[in-house]
file upload31.txt (compact mmCIF, C-alpha atoms)
# COMPACT_ATOMS: atom_id res chain seq x y z
CA MET A 206 -14.98 -6.75 -27.35
CA ASN A 207 -13.63 -9.42 -29.76
CA ALA A 208 -11.49 -12.30 -28.53
CA PRO A 209 -7.94 -11.08 -29.39
CA ALA A 210 -8.74 -7.60 -28.05
CA GLY A 211 -10.17 -9.22 -24.91
CA TRP A 212 -7.01 -11.23 -24.26
CA LEU A 213 -4.89 -8.17 -24.96
CA ALA A 214 -7.00 -6.20 -22.46
CA SER A 215 -6.52 -9.06 -19.96
CA ALA A 216 -2.74 -8.90 -20.32
CA GLY A 217 -2.88 -5.09 -20.10
CA GLY A 218 -5.11 -5.36 -17.04
CA ALA A 219 -2.65 -7.75 -15.41
CA ALA A 220 0.15 -5.23 -15.98
CA LEU A 221 -2.04 -2.40 -14.67
CA ALA A 222 -2.88 -4.37 -11.51
CA ALA A 223 0.81 -5.23 -11.01
CA GLY A 224 1.61 -1.51 -11.01
CA LEU A 225 -1.39 -0.41 -8.95
CA GLU A 226 -0.68 -2.99 -6.27
CA LEU A 227 2.63 -1.28 -5.47
CA ASP A 228 0.60 1.66 -4.17
CA ALA A 229 -1.01 -0.54 -1.51
CA VAL A 230 2.14 -0.79 0.60
CA GLN A 231 5.42 -0.06 -1.11
CA VAL A 232 5.03 3.22 -2.99
CA GLY A 233 3.15 6.23 -1.75
CA GLN A 234 -0.18 4.84 -0.53
CA PHE A 235 -2.14 7.30 -2.67
CA MET A 236 -5.20 5.01 -2.37
CA VAL A 237 -5.33 4.28 -6.11
CA SER A 238 -4.99 0.63 -5.14
CA ARG A 239 -8.28 0.64 -3.21
CA PRO A 240 -10.88 -1.80 -4.62
CA ILE A 241 -13.40 0.89 -5.51
CA VAL A 242 -10.81 2.61 -7.75
CA VAL A 243 -9.39 -0.62 -9.18
CA GLY A 244 -12.90 -1.96 -9.86
CA ALA A 245 -13.93 1.17 -11.76
CA LEU A 246 -10.65 1.26 -13.74
CA PHE A 247 -10.86 -2.41 -14.69
CA GLY A 248 -14.53 -2.02 -15.58
CA LEU A 249 -13.58 0.80 -17.96
CA LEU A 250 -10.78 -1.33 -19.42
CA PHE A 251 -13.23 -4.12 -20.24
CA SER A 252 -15.96 -1.70 -21.39
CA ASP A 253 -18.25 -2.56 -18.47
CA ALA A 254 -17.70 0.22 -15.95
CA GLN A 255 -20.94 -0.60 -14.11
CA GLN A 256 -20.01 -4.20 -13.40
CA GLY A 257 -16.50 -3.10 -12.41
CA LEU A 258 -17.87 -0.50 -10.02
CA ILE A 259 -20.34 -2.96 -8.49
CA LEU A 260 -17.61 -5.53 -7.84
CA GLY A 261 -15.23 -2.78 -6.66
CA CYS A 262 -17.83 -1.51 -4.16
CA CYS A 263 -18.43 -5.05 -2.85
CA CYS A 264 -14.70 -5.72 -2.45
CA GLU A 265 -14.16 -2.30 -0.85
CA LEU A 266 -16.89 -2.86 1.72
CA LEU A 267 -15.89 -6.44 2.47
CA SER A 268 -12.23 -5.47 2.98
CA LEU A 269 -12.89 -2.25 4.87
CA ALA A 270 -12.27 -3.68 8.33
CA SER A 271 -9.03 -5.49 7.48
CA MET A 272 -6.11 -3.34 8.50
CA PRO A 273 -2.41 -4.08 7.94
CA LEU A 274 -1.45 -3.19 11.51
CA GLY A 275 2.04 -4.22 12.62
CA ALA A 276 2.89 -7.64 11.25
CA SER A 277 -0.68 -8.53 10.24
CA LEU A 278 -1.13 -8.91 6.52
CA PRO A 279 -4.73 -9.08 5.29
CA LEU A 280 -5.60 -10.63 1.93
CA ASN A 281 -4.71 -8.42 -0.98
CA SER A 282 -7.87 -6.51 -1.90
CA THR A 283 -6.27 -4.89 -4.97
CA ILE A 284 -5.49 -8.24 -6.57
CA ALA A 285 -8.84 -9.63 -5.37
CA THR A 286 -10.76 -6.83 -7.11
CA ALA A 287 -8.65 -6.93 -10.26
CA VAL A 288 -9.14 -10.69 -10.62
CA ALA A 289 -12.88 -10.48 -9.79
CA VAL A 290 -13.50 -7.81 -12.47
CA LEU A 291 -11.27 -9.64 -14.94
CA MET A 292 -13.29 -12.82 -14.39
CA ALA A 293 -16.64 -11.02 -14.66
CA CYS A 294 -15.85 -8.74 -17.61
CA GLY A 295 -12.86 -10.35 -19.36
CA PRO A 296 -12.84 -12.67 -22.39
CA ALA A 297 -13.49 -15.89 -20.37
CA ARG A 298 -16.49 -14.60 -18.46
CA LEU A 299 -17.89 -15.95 -15.25
CA PRO A 300 -21.06 -14.67 -13.56
CA PRO A 301 -20.28 -12.04 -10.90
CA ALA A 302 -21.58 -14.48 -8.29
CA ALA A 303 -18.58 -16.70 -9.11
CA ALA A 304 -16.12 -13.90 -9.97
CA LEU A 305 -16.25 -12.32 -6.50
CA PRO A 306 -15.23 -15.44 -4.51
CA VAL A 307 -12.62 -16.29 -7.16
CA GLY A 308 -11.21 -12.78 -6.67
CA PHE A 309 -10.97 -13.29 -2.92
CA VAL A 310 -9.18 -16.61 -3.45
CA ALA A 311 -6.68 -14.77 -5.70
CA GLY A 312 -6.23 -12.14 -2.98
CA TRP A 313 -5.55 -14.92 -0.45
CA VAL A 314 -3.00 -16.57 -2.78
CA HIS A 315 -1.22 -13.24 -3.18
CA GLN A 316 -1.23 -12.76 0.60
CA GLN A 317 0.67 -16.06 1.00
CA ILE A 318 3.24 -15.04 -1.62
CA GLU A 319 3.60 -11.59 -0.06
CA THR A 320 4.24 -13.22 3.33
CA ALA A 321 7.10 -15.22 1.80
CA LEU A 322 8.49 -12.08 0.13
CA ARG A 323 8.45 -10.18 3.41
CA HIS A 324 10.25 -13.00 5.17
CA GLY A 325 12.78 -12.98 2.34
CA ARG A 326 13.50 -9.29 2.84
CA ARG A 327 15.11 -10.13 6.17
CA ALA A 328 18.29 -10.74 4.16
CA LEU A 329 18.25 -7.09 3.04
CA ASN A 330 18.79 -5.91 6.62
CA ALA A 331 21.99 -7.94 6.91
CA ALA A 332 23.12 -6.87 3.43
CA VAL A 333 22.63 -3.17 4.23
CA GLU A 334 24.42 -3.48 7.58
CA SER A 335 27.41 -5.22 6.06
CA SER A 336 27.49 -2.69 3.23
CA VAL A 337 27.60 0.18 5.75
CA ARG A 338 30.28 -1.50 7.85
CA GLU A 339 32.50 -2.41 4.90
CA ARG A 340 32.07 0.53 2.52
CA GLY A 341 30.21 3.14 4.56
CA VAL A 342 27.51 3.52 1.89
CA VAL A 343 24.42 1.62 0.77
CA PRO A 344 23.49 1.08 -2.90
CA TRP A 345 19.98 2.40 -2.24
CA ARG A 346 19.03 3.08 -5.86
CA ARG A 347 19.88 -0.46 -7.03
CA MET A 348 18.23 -2.02 -3.98
CA THR A 349 15.05 0.03 -4.35
CA LEU A 350 14.66 -0.70 -8.04
CA ARG A 351 15.35 -4.41 -7.55
CA ASN A 352 12.87 -4.63 -4.68
CA LEU A 353 10.08 -2.83 -6.52
CA ALA A 354 10.75 -4.83 -9.70
CA GLN A 355 10.55 -8.06 -7.67
CA GLN A 356 7.20 -7.07 -6.17
CA ALA A 357 5.79 -5.92 -9.53
CA SER A 358 6.92 -9.17 -11.22
CA VAL A 359 5.25 -11.28 -8.55
CA ASN A 360 2.05 -9.23 -8.95
CA LEU A 361 2.21 -9.62 -12.72
CA ALA A 362 2.84 -13.37 -12.52
CA VAL A 363 -0.11 -13.88 -10.14
CA MET A 364 -2.39 -11.78 -12.34
CA LEU A 365 -1.31 -13.51 -15.56
CA VAL A 366 -1.91 -16.95 -14.06
CA TRP A 367 -5.44 -15.94 -13.07
CA ALA A 368 -6.14 -14.11 -16.33
CA LEU A 369 -4.71 -16.61 -18.81
CA VAL A 370 -4.84 -19.99 -17.04
CA ALA A 371 -7.28 -20.11 -14.12
CA GLY A 372 -9.88 -17.83 -15.76
CA PRO A 373 -10.40 -19.90 -18.93
CA ALA A 374 -10.31 -23.13 -16.87
CA LEU A 375 -13.02 -21.86 -14.52
CA HIS A 376 -15.03 -20.59 -17.49
CA LYS A 377 -15.08 -24.14 -18.89
CA LEU A 378 -15.78 -25.68 -15.48
CA TRP A 379 -18.69 -23.35 -14.60
CA PRO A 380 -21.47 -25.10 -16.65
CA HIS A 381 -20.56 -28.45 -15.08
CA LEU A 382 -20.84 -27.30 -11.46
CA PRO A 383 -23.71 -28.80 -9.40
CA ALA A 384 -26.88 -26.70 -9.41
CA GLY A 385 -26.90 -26.48 -5.60
CA PHE A 386 -23.42 -24.97 -5.59
CA VAL A 387 -24.41 -22.39 -8.21
CA GLN A 388 -27.52 -21.53 -6.21
CA ALA A 389 -25.42 -21.07 -3.09
CA LEU A 390 -23.05 -18.74 -4.96
CA ASN A 391 -25.96 -16.72 -6.30
CA PHE A 392 -27.44 -16.43 -2.82
CA ALA A 393 -24.08 -15.27 -1.44
CA TRP A 394 -23.74 -12.73 -4.27
CA ALA A 395 -27.19 -11.31 -3.54
CA GLN A 396 -26.20 -10.91 0.12
CA ALA A 397 -22.72 -9.49 -0.59
CA PRO A 398 -23.66 -5.76 -0.51
CA TRP A 399 -25.55 -6.22 2.78
CA LEU A 400 -22.68 -8.20 4.25
CA GLY A 401 -20.39 -5.40 3.07
CA LEU A 402 -22.61 -2.84 4.76
CA GLY A 403 -22.30 -4.82 7.99
CA VAL A 404 -18.50 -4.78 7.63
CA ALA A 405 -18.61 -1.00 7.03
CA LEU A 406 -20.67 -0.48 10.20
CA TYR A 407 -18.23 -2.67 12.09
CA ALA A 408 -15.30 -0.65 10.67
CA PHE A 409 -16.86 2.58 11.94
CA GLY A 410 -17.09 1.20 15.44
CA MET A 411 -13.64 -0.41 15.43
CA ARG A 412 -10.75 1.02 17.46
CA PRO A 413 -7.38 -0.01 15.97
CA MET B 68 17.42 30.74 9.02
CA ALA B 69 15.93 29.13 5.96
CA GLY B 70 12.60 29.71 4.24
CA LEU B 71 10.02 27.32 2.92
CA GLY B 72 8.11 28.14 -0.24
CA SER B 73 8.59 31.37 -2.16
CA GLY B 74 7.25 34.90 -2.71
CA SER B 75 4.63 36.31 -0.38
CA LEU B 76 3.88 32.86 1.04
CA ARG B 77 7.46 32.44 2.21
CA VAL B 78 7.48 31.03 5.74
CA ARG B 79 10.42 31.70 7.98
CA ASP B 80 11.23 29.64 11.00
CA ALA B 81 14.21 30.15 13.23
CA ALA B 82 14.15 26.45 14.14
CA VAL B 83 14.69 25.36 10.52
CA SER B 84 18.36 24.92 9.80
CA ASP B 85 20.23 26.39 6.83
CA ALA B 86 21.07 22.89 5.67
CA MET B 87 17.39 21.98 5.32
CA THR B 88 17.01 23.59 1.91
CA PRO B 89 13.86 23.20 -0.19
CA SER B 90 15.71 20.72 -2.43
CA MET B 91 16.63 18.63 0.62
CA GLN B 92 13.00 18.77 1.77
CA ARG B 93 11.87 17.55 -1.64
CA ARG B 94 14.41 14.70 -1.52
CA LEU B 95 13.27 13.64 1.93
CA PHE B 96 9.62 13.88 0.90
CA GLY B 97 10.21 11.82 -2.24
CA ARG B 98 12.06 9.19 -0.26
CA SER B 99 9.40 9.15 2.47
CA LEU B 100 6.95 7.85 -0.16
CA LEU B 101 9.11 4.71 -0.32
CA LEU B 102 9.11 4.21 3.45
CA GLN B 103 7.57 0.75 3.11
CA ALA B 104 9.46 -0.33 -0.02
CA PHE B 105 11.69 -2.62 2.06
CA TRP B 106 9.05 -3.78 4.57
CA SER B 107 10.14 -6.95 6.37
CA PHE B 108 8.70 -8.87 9.32
CA GLU B 109 11.98 -8.56 11.20
CA ARG B 110 12.45 -4.77 11.34
CA MET B 111 9.37 -3.56 9.47
CA GLN B 112 10.02 -0.02 8.11
CA SER B 113 13.59 0.34 9.38
CA LEU B 114 15.28 0.15 5.98
CA GLY B 115 12.75 2.52 4.45
CA PHE B 116 13.37 4.98 7.26
CA ALA B 117 17.15 4.71 6.85
CA PHE B 118 16.73 5.19 3.08
CA CYS B 119 14.57 8.27 3.67
CA LEU B 120 17.01 9.84 6.10
CA ASP B 121 20.21 9.01 4.20
CA PRO B 122 20.74 12.35 2.35
CA TRP B 123 20.23 14.29 5.57
CA ILE B 124 22.69 12.10 7.50
CA ALA B 125 25.29 12.60 4.76
CA ARG B 126 24.81 16.37 5.00
CA CYS B 127 24.65 16.62 8.80
CA TRP B 128 27.77 14.58 9.42
CA SER B 129 29.54 15.76 6.28
CA GLY B 130 33.30 15.07 6.35
CA ARG B 131 33.09 12.71 9.36
CA ASP B 132 33.07 9.25 7.83
CA GLU B 133 32.98 7.25 11.05
CA GLU B 134 30.04 9.27 12.43
CA ILE B 135 28.15 8.87 9.16
CA ARG B 136 28.67 5.13 9.38
CA GLU B 137 27.39 5.06 12.97
CA ALA B 138 24.39 7.23 12.09
CA ARG B 139 23.50 4.96 9.17
CA LEU B 140 23.76 1.91 11.43
CA ARG B 141 21.65 3.35 14.24
CA HIS B 142 18.73 3.84 11.84
CA GLN B 143 18.80 0.16 10.85
CA GLU B 144 17.04 -0.67 14.10
CA TYR B 145 13.38 -1.75 14.30
CA PHE B 146 11.01 1.02 13.25
CA ASN B 147 7.28 0.96 12.57
CA THR B 148 4.66 3.67 12.44
CA GLN B 149 1.65 4.70 10.40
CA PRO B 150 3.05 5.62 6.95
CA TYR B 151 1.20 8.96 6.71
CA MET B 152 2.54 10.01 10.11
CA ALA B 153 6.11 8.93 9.37
CA SER B 154 7.07 12.32 7.95
CA LEU B 155 6.61 13.83 11.43
CA VAL B 156 9.10 11.34 12.84
CA VAL B 157 11.46 12.01 9.92
CA GLY B 158 11.31 15.77 10.61
CA MET B 159 11.93 15.26 14.31
CA VAL B 160 14.84 12.90 13.74
CA CYS B 161 16.37 15.34 11.21
CA ALA B 162 16.38 18.08 13.87
CA LEU B 163 17.81 15.73 16.50
CA GLU B 164 20.49 14.39 14.15
CA GLU B 165 21.58 17.93 13.38
CA GLU B 166 21.63 18.76 17.08
CA ALA B 167 23.76 15.70 17.79
CA ALA B 168 26.11 16.54 14.92
CA GLY B 169 26.59 20.06 16.27
CA ALA B 170 27.06 18.97 19.90
CA ALA B 171 30.39 18.80 21.72
CA ASP B 172 32.03 15.35 21.80
CA ALA B 173 31.19 14.90 25.50
CA ASP B 174 27.48 15.64 24.98
CA ARG B 175 27.03 13.63 21.81
CA PRO B 176 26.34 10.14 23.28
CA ALA B 177 23.55 11.55 25.46
CA LYS B 178 22.02 13.39 22.51
CA ILE B 179 22.12 10.22 20.42
CA GLU B 180 20.46 8.21 23.19
CA ARG B 181 17.78 10.90 23.44
CA LEU B 182 17.28 10.75 19.67
CA LYS B 183 16.79 6.97 19.76
CA ALA B 184 14.34 7.15 22.67
CA LEU B 185 12.30 9.95 21.11
CA LYS B 186 12.24 8.22 17.74
CA SER B 187 10.80 4.98 19.09
CA ALA B 188 8.35 6.77 21.40
CA ALA B 189 7.08 9.07 18.63
CA ALA B 190 6.77 6.17 16.19
CA ALA B 191 4.60 4.16 18.59
CA ALA B 192 2.42 7.12 19.61
CA LEU B 193 1.91 8.36 16.06
CA ALA B 194 1.11 4.84 14.86
CA GLY B 195 -1.79 4.71 17.33
CA VAL B 196 -3.07 8.14 16.37
CA GLY B 197 -2.58 7.60 12.62
CA ASP B 198 -4.23 4.19 12.50
CA ALA B 199 -7.26 5.43 14.42
CA MET B 200 -7.53 8.58 12.30
CA PHE B 201 -6.78 7.34 8.77
CA ARG B 202 -7.72 3.66 8.82
CA GLY B 203 -10.28 3.66 11.60
CA ALA B 204 -12.22 6.81 10.66
CA LEU B 205 -11.25 8.51 7.41
CA ARG B 206 -11.11 5.40 5.21
CA PRO B 207 -14.55 4.00 6.23
CA PHE B 208 -15.99 7.51 5.94
CA CYS B 209 -14.61 7.98 2.41
CA ALA B 210 -15.78 4.50 1.41
CA ALA B 211 -19.27 5.23 2.74
CA LEU B 212 -19.29 8.55 0.86
CA ALA B 213 -18.16 6.88 -2.38
CA LEU B 214 -20.77 4.17 -2.00
CA THR B 215 -23.50 6.75 -1.36
CA CYS B 216 -22.47 8.56 -4.56
CA ALA B 217 -22.53 5.27 -6.48
CA LEU B 218 -26.00 4.44 -5.09
CA ALA B 219 -27.27 7.91 -5.96
CA LEU B 220 -26.01 7.53 -9.53
CA ARG B 221 -27.74 4.17 -9.82
CA GLN B 222 -31.12 5.74 -8.94
CA ARG B 223 -31.29 7.18 -12.46
CA PRO B 224 -33.82 5.39 -14.67
CA GLY B 225 -32.53 2.62 -16.91
CA LYS B 226 -29.43 1.91 -14.79
CA ARG B 227 -28.49 -1.45 -13.35
CA PRO B 228 -29.19 -1.65 -9.58
CA LEU B 229 -26.10 -1.64 -7.38
CA VAL B 230 -27.59 -4.35 -5.19
CA PRO B 231 -27.50 -7.23 -7.66
CA PRO B 232 -30.40 -9.60 -8.22
CA ALA B 233 -29.61 -13.33 -8.04
CA SER B 234 -28.72 -14.66 -11.49
CA THR B 235 -28.08 -18.12 -12.88
call {"tool": "encode", "arguments": {"input": "upload31.txt", "output": "structure tokens"}}
result
Amino acid sequence: MNAPAGWLASAGGAALAAGLELDAVQVGQFMVSRPIVVGALFGLLFSDAQQGLILGCCCELLSLASMPLGASLPLNSTIATAVAVLMACGPARLPPAAALPVGFVAGWVHQQIETALRHGRRALNAAVESSVRERGVVPWRRMTLRNLAQQASVNLAVMLVWALVAGPALHKLWPHLPAGFVQALNFAWAQAPWLGLGVALYAFGMRP
Amino acid sequence: MAGLGSGSLRVRDAAVSDAMTPSMQRRLFGRSLLLQAFWSFERMQSLGFAFCLDPWIARCWSGRDEEIREARLRHQEYFNTQPYMASLVVGMVCALEEEAAGAADADRPAKIERLKALKSAAAAALAGVGDAMFRGALRPFCAALALTCALALRQRPGKRPLVPPAST
């Protein structure tokens, strides 16, 4: 993939992830936002379906035991996978050993933003109540569209920052990292599937 | 008595009201997919539930503006359940709302209290069942199945191993 096409695919991938992430909580929960699906889709987008699937499987296994029960909000595995595959297969490539932890950092960043968004939605409750009391009706269509657009824009902004700013910066930084740190990342990457298998076994035995 | 579906597969159920037409069912189903669109830490799925139920409330209490207002307000309260199980609560609340709307004025407050109690009890119970079933069992099972398929595909000669070797 040549450079302009690669950057175009990155921007397209960011938009795709922004849309897919809505499926995780807000719209439908059809499971198209699961890491194994996102990884395969992003791999296809960057013409490396194998690498995408490998990273998707790792992210799926490692996030299998985290459940959004009640008010708990685990890190966003959709964004984590999308960023990991983008880093590993996009125009500013990183080795998968570095892409996977970078993806999880992106998922953690999105989790913090999502927490703020959910706190912010408290105002909607008051707005709906006052709308019912004053006019008897609620402008559901406008509210729904605005809410979904807000979430999608946040997703897109996070993805674009990682794709167009953090990705190239990390790509330039990677050769200058200490050898010991690189070795540690490689060791962690080699263990990731086994660690994921452990998480899967734990998830089978877990009682929510 | 209303039917669901069409032709030879038409299902008839005396408990299903005339007002619950297939188009209303489709509307409620479509809206139930957005149950968590307004998720907040304060009342969790309450706005999504109120949004889902809104067309049915407007139909049940049709022509009684004050009752519609009260019905809309009572579904603003805290609500949280497993999203896949929420449609059961929606169906139950639809039946109870209709029952309350059709009740005599003297009986209505008791019916509404019963509706509220059943709604919160069903939400909590179904959340436990749904989380254990979908997130605790089905999701790990499907992930394990998908991973097994991926591993099997990688056994073909010339393919990159799924368990990655350390690289520099």
call {"tool": "closest_atom_pairs", "arguments": {"input": "upload31.txt", "of": "stretch 222-332 of chain A", "to": "stretch 397-405 of chain A", "cutoff": "6 Å", "atoms": "all atoms listed in the file", "output": "CSV"}}
result
residue,atom,partner,partner_atom,distance
A:Cys263,CA,A:Pro398,CA,5.8
A:Leu266,CA,A:Gly401,CA,4.5
A:Leu267,CA,A:Gly401,CA,4.7
call {"tool": "interface_residues", "arguments": {"input": "upload31.txt", "of": "chain B", "to": "chain A", "cutoff": "8 Å", "atoms": "only C-alpha atoms", "output": "mmCIF file with C-alpha atoms, in the frame of the given file"}}
result
data_model
loop_
_atom_site.group_PDB
_atom_site.id
_atom_site.type_symbol
_atom_site.label_atom_id
_atom_site.label_comp_id
_atom_site.auth_asym_id
_atom_site.auth_seq_id
_atom_site.Cartn_x
_atom_site.Cartn_y
_atom_site.Cartn_z
ATOM 1 C CA LEU B 100 6.950 7.850 -0.160
ATOM 2 C CA LEU B 101 9.110 4.710 -0.320
ATOM 3 C CA LEU B 102 9.110 4.210 3.450
ATOM 4 C CA GLN B 103 7.570 0.750 3.110
ATOM 5 C CA ALA B 104 9.460 -0.330 -0.020
ATOM 6 C CA PHE B 105 11.690 -2.620 2.060
ATOM 7 C CA TRP B 106 9.050 -3.780 4.570
ATOM 8 C CA SER B 107 10.140 -6.950 6.370
ATOM 9 C CA PHE B 108 8.700 -8.870 9.320
ATOM 10 C CA GLU B 109 11.980 -8.560 11.200
ATOM 11 C CA ARG B 110 12.450 -4.770 11.340
ATOM 12 C CA MET B 111 9.370 -3.560 9.470
ATOM 13 C CA LEU B 114 15.280 0.150 5.980
ATOM 14 C CA PHE B 118 16.730 5.190 3.080
ATOM 15 C CA ASP B 132 33.070 9.250 7.830
ATOM 16 C CA ILE B 135 28.150 8.870 9.160
ATOM 17 C CA ARG B 136 28.670 5.130 9.380
ATOM 18 C CA ARG B 139 23.500 4.960 9.170
ATOM 19 C CA LEU B 140 23.760 1.910 11.430
ATOM 20 C CA GLN B 143 18.800 0.160 10.850
ATOM 21 C CA ASN B 147 7.280 0.960 12.570
ATOM 22 C CA GLY B 195 -1.790 4.710 17.330
ATOM 23 C CA ASP B 198 -4.230 4.190 12.500
ATOM 24 C CA ALA B 199 -7.260 5.430 14.420
ATOM 25 C CA ARG B 202 -7.720 3.660 8.820
ATOM 26 C CA GLY B 203 -10.280 3.660 11.600
ATOM 27 C CA ALA B 204 -12.220 6.810 10.660
ATOM 28 C CA ARG B 206 -11.110 5.400 5.210
ATOM 29 C CA PRO B 207 -14.550 4.000 6.230
ATOM 30 C CA PHE B 208 -15.990 7.510 5.940
ATOM 31 C CA ALA B 210 -15.780 4.500 1.410
ATOM 32 C CA ALA B 211 -19.270 5.230 2.740
ATOM 33 C CA LEU B 214 -20.770 4.170 -2.000
ATOM 34 C CA ARG B 227 -28.490 -1.450 -13.350
ATOM 35 C CA LEU B 229 -26.100 -1.640 -7.380
ATOM 36 C CA VAL B 230 -27.590 -4.350 -5.190
ATOM 37 C CA PRO B 231 -27.500 -7.230 -7.660
ATOM 38 C CA PRO B 232 -30.400 -9.600 -8.220
ATOM 39 C CA ALA B 233 -29.610 -13.330 -8.040
ATOM 40 C CA SER B 234 -28.720 -14.660 -11.490
ATOM 41 C CA THR B 235 -28.080 -18.120 -12.880
#
call {"tool": "atom_distance", "arguments": {"input": "upload31.txt", "atom1": "atom CA of A:Ser358", "atom2": "atom CA of A:Gly244"}}
result
21.1 Å
call {"tool": "atom_distance", "arguments": {"input": "upload31.txt", "atom1": "atom CA of A:Asp253", "atom2": "atom CA of A:Gly385"}}
result
28.5 Å
call {"tool": "closest_residue", "arguments": {"input": "upload31.txt", "among": "B:Met91, B:Leu193, B:Leu218, B:Met200", "to": "B:Met152", "atoms": "only C-alpha atoms"}}
result
B:Leu193
call {"tool": "closest_residue", "arguments": {"input": "upload31.txt", "among": "B:Ser113, B:Ser99, B:Ser84, B:Thr148", "to": "B:Ala194", "atoms": "all atoms listed in the file"}}
result
B:Thr148
call {"tool": "residues_around", "arguments": {"input": "upload31.txt", "residues": "stretch 208-213 of chain A", "least_positions_apart": "3", "cutoff": "9 Å", "atoms": "all atoms listed in the file", "output": "number ranges by chain"}}
result
A: 216-218, 251, 295-297, 368-369
call {"tool": "atom_distance", "arguments": {"input": "upload31.txt", "atom1": "atom CA of A:Ser215", "atom2": "atom CA of A:Phe247"}}
result
9.5 Å
call {"tool": "closest_residue", "arguments": {"input": "upload31.txt", "among": "B:Leu120, B:Cys127, B:Leu212, B:Ala153", "to": "B:Ala167", "atoms": "all atoms listed in the file"}}
result
B:Cys127
call {"tool": "residues_near_point", "arguments": {"input": "upload31.txt", "point": "(9.4, 15.4, 12.9)", "cutoff": "12 Å", "atoms": "all atoms listed in the file", "output": "list of chain:residue names"}}
result
B:Val83, B:Leu95, B:Leu120, B:Met152, B:Ala153, B:Ser154, B:Leu155, B:Val156, B:Val157, B:Gly158, B:Met159, B:Val160, B:Cys161, B:Ala162, B:Leu163, B:Glu164, B:Leu182, B:Leu185, B:Lys186, B:Ala189, B:Ala190, B:Leu193
call {"tool": "write_last_selection", "arguments": {"input": "upload31.txt", "atoms": "C-alpha atoms", "output": "PDB file, keeping the file's coordinate frame"}}
result
ATOM      1  CA  VAL B  83      14.690  25.360  10.520  1.00  0.00           C
ATOM      2  CA  LEU B  95      13.270  13.640   1.930  1.00  0.00           C
ATOM      3  CA  LEU B 120      17.010   9.840   6.100  1.00  0.00           C
ATOM      4  CA  MET B 152       2.540  10.010  10.110  1.00  0.00           C
ATOM      5  CA  ALA B 153       6.110   8.930   9.370  1.00  0.00           C
ATOM      6  CA  SER B 154       7.070  12.320   7.950  1.00  0.00           C
ATOM      7  CA  LEU B 155       6.610  13.830  11.430  1.00  0.00           C
ATOM      8  CA  VAL B 156       9.100  11.340  12.840  1.00  0.00           C
ATOM      9  CA  VAL B 157      11.460  12.010   9.920  1.00  0.00           C
ATOM     10  CA  GLY B 158      11.310  15.770  10.610  1.00  0.00           C
ATOM     11  CA  MET B 159      11.930  15.260  14.310  1.00  0.00           C
ATOM     12  CA  VAL B 160      14.840  12.900  13.740  1.00  0.00           C
ATOM     13  CA  CYS B 161      16.370  15.340  11.210  1.00  0.00           C
ATOM     14  CA  ALA B 162      16.380  18.080  13.870  1.00  0.00           C
ATOM     15  CA  LEU B 163      17.810  15.730  16.500  1.00  0.00           C
ATOM     16  CA  GLU B 164      20.490  14.390  14.150  1.00  0.00           C
ATOM     17  CA  LEU B 182      17.280  10.750  19.670  1.00  0.00           C
ATOM     18  CA  LEU B 185      12.300   9.950  21.110  1.00  0.00           C
ATOM     19  CA  LYS B 186      12.240   8.220  17.740  1.00  0.00           C
ATOM     20  CA  ALA B 189       7.080   9.070  18.630  1.00  0.00           C
ATOM     21  CA  ALA B 190       6.770   6.170  16.190  1.00  0.00           C
ATOM     22  CA  LEU B 193       1.910   8.360  16.060  1.00  0.00           C
TER      23      LEU B 193
END
call {"tool": "closest_residue", "arguments": {"input": "upload31.txt", "among": "A:Leu361, A:Gln316, A:Leu299, A:Arg351", "to": "A:Ala374", "atoms": "only C-alpha atoms"}}
result
A:Leu299
call {"tool": "residues_around", "arguments": {"input": "upload31.txt", "residues": "A:Asn281", "least_positions_apart": "6", "cutoff": "8 Å", "atoms": "all atoms listed in the file", "output": "PyMOL selection string"}}
result
chain A and resi 312-313+315-316
call {"tool": "decode", "arguments": {"input": "upload31.txt", "residues": "stretch 126-142 of chain B", "atoms": "C-alpha atoms", "output": "short mmCIF file (atom, residue, chain, number, x, y, z; two decimals), in the first residue's frame"}}
result
data_model
loop_
_atom_site.label_atom_id
_atom_site.label_comp_id
_atom_site.auth_asym_id
_atom_site.auth_seq_id
_atom_site.Cartn_x
_atom_site.Cartn_y
_atom_site.Cartn_z
CA ARG B 126 -51.29 4.98 22.55
CA CYS B 127 -52.35 3.48 25.90
CA TRP B 128 -53.21 6.79 27.50
CA SER B 129 -54.41 8.39 24.27
CA GLY B 130 -56.49 11.55 24.86
CA ARG B 131 -55.51 11.84 28.56
CA ASP B 132 -52.71 14.39 28.58
CA GLU B 133 -52.12 14.48 32.32
CA GLU B 134 -51.88 10.67 32.56
CA ILE B 135 -49.47 10.58 29.62
CA ARG B 136 -47.30 13.13 31.39
CA GLU B 137 -47.34 11.08 34.60
CA ALA B 138 -46.57 7.86 32.72
CA ARG B 139 -43.64 9.50 30.94
CA LEU B 140 -42.31 10.80 34.25
CA ARG B 141 -42.60 7.48 36.08
CA HIS B 142 -40.34 5.81 33.52
#
